[in-house]
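**Student:** One structure follows; several queries about it will come next.
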Amino acid sequence: MSKRGNSTLLFYRLLALFNEAGWPESIQVDNYRLMSMVDTRTERVAISARDKLVDVGFIQYSKGKKKCPNTYYLTSYTPQKV
């Protein structure tokens, strides 16, 4: 799957998690779950998909600490000409 495809898949899977949780302000997702969400065994691929979503402004995240997963936030998206 392409980088763009991984990012798209990740975004929809994150939306599903937010929906299942009742649309909280944030959710916590560890990198192994992120990897399974884009169906990869490589952490680099999952992080690349996440970073693409951050770059275009669909999500924000704050890095977790040891034994505490990253926290993800949905952002208000305003389309921009690229």
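Residue numbers start at 1 in each chain; chains themselves are named A, B, ... in the order of the structure tokens; ligands are numbered from 1 in the order shown.
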I'd like the contact shell of range 39-49 of chain A - 12 Å cut-off, only C-alpha atoms, skipping same-chain residues fewer than 5 positions apart - returned as a CSV table (one decimal) with N, CA, C and O atoms, in the first residue's frame.
**Tutor:**
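Written out: part.csv:
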```csv
chain,number,residue,atom,x,y,z
A,1,MET,N,0.9,-1.2,0.0
A,1,MET,CA,0.0,0.0,0.0
A,1,MET,C,0.9,1.2,0.0
A,1,MET,O,2.0,1.3,0.6
A,2,SER,N,0.4,2.3,-0.6
A,2,SER,CA,1.2,3.5,-0.7
A,2,SER,C,1.2,4.3,0.6
A,2,SER,O,0.4,4.0,1.5
A,3,LYS,N,2.1,5.2,0.7
A,3,LYS,CA,2.1,6.1,1.9
A,3,LYS,C,0.8,6.8,2.1
A,3,LYS,O,0.3,6.9,3.2
A,4,ARG,N,0.3,7.3,1.0
A,4,ARG,CA,-1.0,8.0,1.0
A,4,ARG,C,-2.1,7.0,1.5
A,4,ARG,O,-3.0,7.4,2.3
A,5,GLY,N,-2.1,5.8,1.0
A,5,GLY,CA,-3.1,4.8,1.3
A,5,GLY,C,-3.0,4.4,2.8
A,5,GLY,O,-4.0,4.3,3.5
A,6,ASN,N,-1.8,4.3,3.3
A,6,ASN,CA,-1.6,4.0,4.7
A,6,ASN,C,-2.1,5.2,5.6
A,6,ASN,O,-2.8,4.9,6.6
A,7,SER,N,-1.9,6.4,5.2
A,7,SER,CA,-2.4,7.5,6.0
A,7,SER,C,-3.9,7.6,6.0
A,7,SER,O,-4.5,7.9,7.0
A,8,THR,N,-4.5,7.3,4.8
A,8,THR,CA,-5.9,7.3,4.7
A,8,THR,C,-6.5,6.3,5.6
A,8,THR,O,-7.5,6.5,6.3
A,9,LEU,N,-6.0,5.1,5.5
A,9,LEU,CA,-6.5,3.9,6.3
A,9,LEU,C,-6.3,4.3,7.8
A,9,LEU,O,-7.3,4.1,8.6
A,10,LEU,N,-5.2,4.8,8.2
A,10,LEU,CA,-5.0,5.2,9.6
A,10,LEU,C,-6.0,6.2,10.1
A,10,LEU,O,-6.5,6.1,11.2
A,11,PHE,N,-6.2,7.2,9.2
A,11,PHE,CA,-7.2,8.2,9.6
A,11,PHE,C,-8.6,7.7,9.9
A,11,PHE,O,-9.2,7.9,10.9
A,12,TYR,N,-9.0,6.8,9.0
A,12,TYR,CA,-10.4,6.2,9.2
A,12,TYR,C,-10.4,5.2,10.4
A,12,TYR,O,-11.4,5.2,11.1
A,13,ARG,N,-9.3,4.6,10.6
A,13,ARG,CA,-9.3,3.7,11.8
A,13,ARG,C,-9.2,4.5,13.1
A,13,ARG,O,-9.8,4.1,14.1
A,14,LEU,N,-8.5,5.7,13.1
A,14,LEU,CA,-8.6,6.5,14.2
A,14,LEU,C,-9.9,7.1,14.5
A,14,LEU,O,-10.4,7.2,15.6
A,29,VAL,N,-3.1,5.6,21.9
A,29,VAL,CA,-2.8,4.5,21.1
A,29,VAL,C,-1.3,4.2,21.1
A,29,VAL,O,-0.6,5.1,20.8
A,30,ASP,N,-1.0,3.0,21.4
A,30,ASP,CA,0.5,2.7,21.3
A,30,ASP,C,0.9,2.3,19.9
A,30,ASP,O,0.1,2.1,19.0
A,31,ASN,N,2.2,2.3,19.7
A,31,ASN,CA,2.7,2.1,18.3
A,31,ASN,C,2.4,0.8,17.8
A,31,ASN,O,2.2,0.6,16.6
A,32,TYR,N,2.3,-0.3,18.6
A,32,TYR,CA,1.9,-1.6,18.1
A,32,TYR,C,0.5,-1.6,17.6
A,32,TYR,O,0.2,-2.2,16.6
A,33,ARG,N,-0.4,-0.9,18.2
A,33,ARG,CA,-1.8,-0.8,17.7
A,33,ARG,C,-1.8,0.0,16.4
A,33,ARG,O,-2.5,-0.3,15.5
A,34,LEU,N,-1.0,1.0,16.4
A,34,LEU,CA,-0.9,1.9,15.2
A,34,LEU,C,-0.4,1.0,14.0
A,34,LEU,O,-1.0,1.1,12.9
A,54,VAL,N,-0.4,14.4,10.6
A,54,VAL,CA,-0.1,15.5,11.4
A,54,VAL,C,0.3,16.7,10.4
A,54,VAL,O,-0.1,17.8,10.6
A,55,ASP,N,1.1,16.4,9.4
A,55,ASP,CA,1.6,17.4,8.5
A,55,ASP,C,0.4,18.1,7.7
A,55,ASP,O,0.5,19.3,7.5
A,56,VAL,N,-0.6,17.4,7.4
A,56,VAL,CA,-1.7,18.0,6.7
A,56,VAL,C,-2.8,18.6,7.6
A,56,VAL,O,-3.7,19.2,7.2
A,58,PHE,N,-4.8,16.9,10.0
A,58,PHE,CA,-5.9,16.1,10.4
A,58,PHE,C,-5.9,15.7,11.8
A,58,PHE,O,-7.0,15.6,12.5
A,59,ILE,N,-4.7,15.5,12.4
A,59,ILE,CA,-4.6,15.0,13.8
A,59,ILE,C,-3.4,15.8,14.4
A,59,ILE,O,-2.6,16.4,13.7
A,61,TYR,N,-0.8,14.9,18.0
A,61,TYR,CA,-0.5,13.9,19.0
A,61,TYR,C,0.6,14.4,19.9
A,61,TYR,O,1.3,15.3,19.6
A,63,LYS,N,3.6,12.9,22.4
A,63,LYS,CA,4.4,11.7,22.6
A,63,LYS,C,4.2,11.2,24.1
A,63,LYS,O,4.2,11.9,25.0
A,70,ASN,N,1.1,7.1,23.2
A,70,ASN,CA,0.9,8.4,22.6
A,70,ASN,C,-0.6,8.8,22.7
A,70,ASN,O,-1.5,8.0,22.7
```
**Student:** Considering only strand (DSSP E or B) as DSSP defines it on the backbone, what residues of chain A qualify? List them as a VMD selection string.
**Tutor:** chain A and resid 26 to 29 59 to 62 70 to 74
**Student:** To one decimal in Å, tell me the separation between CA of Gln60 in chain A and CA of Ser36 in chain A.
**Tutor:**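 So the two atoms, CA of Gln60 in chain A and CA of Ser36 in chain A, lie 19.5 Å apart.
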**Student:** Just how far from CA of Asn19 in chain A is CA of Lys66 in chain A, in Å to one decimal?
**Tutor:**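 Computed distance, CA of Lys66 in chain A to CA of Asn19 in chain A, equals 26.6 Å.
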**Student:** Among the residues of chain A, find those DSSP assigns to helix (DSSP H, G or I) from the backbone and print them as a PyMOL selection string.
**Tutor:** chain A and resi 3-20+31-37+43-56
**Student:** Restricting it to C-alpha atoms, dump the selection as a tab-separated table (two decimals), in the first residue's frame.
**Tutor:**
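So the final result, stored in part_16.tsv, reads:
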```tsv
chain	number	residue	atom	x	y	z
A	3	LYS	CA	2.15	6.07	1.89
A	4	ARG	CA	-1.00	7.98	1.03
A	5	GLY	CA	-3.07	4.80	1.34
A	6	ASN	CA	-1.58	4.03	4.75
A	7	SER	CA	-2.36	7.53	5.96
A	8	THR	CA	-5.93	7.34	4.70
A	9	LEU	CA	-6.46	3.95	6.31
A	10	LEU	CA	-4.97	5.17	9.59
A	11	PHE	CA	-7.20	8.25	9.62
A	12	TYR	CA	-10.37	6.19	9.18
A	13	ARG	CA	-9.26	3.69	11.81
A	14	LEU	CA	-8.55	6.54	14.24
A	15	LEU	CA	-12.00	7.97	13.51
A	16	ALA	CA	-13.49	4.57	14.31
A	17	LEU	CA	-11.65	4.52	17.65
A	18	PHE	CA	-12.89	7.99	18.53
A	19	ASN	CA	-16.41	6.92	17.57
A	20	GLU	CA	-16.25	3.73	19.68
A	31	ASN	CA	2.71	2.15	18.33
A	32	TYR	CA	1.94	-1.59	18.11
A	33	ARG	CA	-1.75	-0.85	17.73
A	34	LEU	CA	-0.89	1.87	15.22
A	35	MET	CA	1.04	-0.75	13.25
A	36	SER	CA	-1.90	-3.14	13.26
A	37	MET	CA	-4.22	-0.34	12.13
A	43	GLU	CA	6.94	0.74	13.09
A	44	ARG	CA	8.52	3.17	10.61
A	45	VAL	CA	5.61	2.69	8.17
A	46	ALA	CA	3.00	3.38	10.86
A	47	ILE	CA	4.84	6.45	12.13
A	48	SER	CA	5.22	7.75	8.59
A	49	ALA	CA	1.45	7.43	8.07
A	50	ARG	CA	0.83	9.24	11.36
A	51	ASP	CA	3.29	12.01	10.53
A	52	LYS	CA	1.57	12.57	7.17
A	53	LEU	CA	-1.75	13.10	8.99
A	54	VAL	CA	-0.07	15.55	11.37
A	55	ASP	CA	1.57	17.41	8.46
A	56	VAL	CA	-1.75	17.98	6.66
```
**Student:** Between CA of Tyr73 in chain A and CA of Trp23 in chain A, what is the distance in Å, rounded to a tenth?
**Tutor:**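 The value is 10.2 Å.
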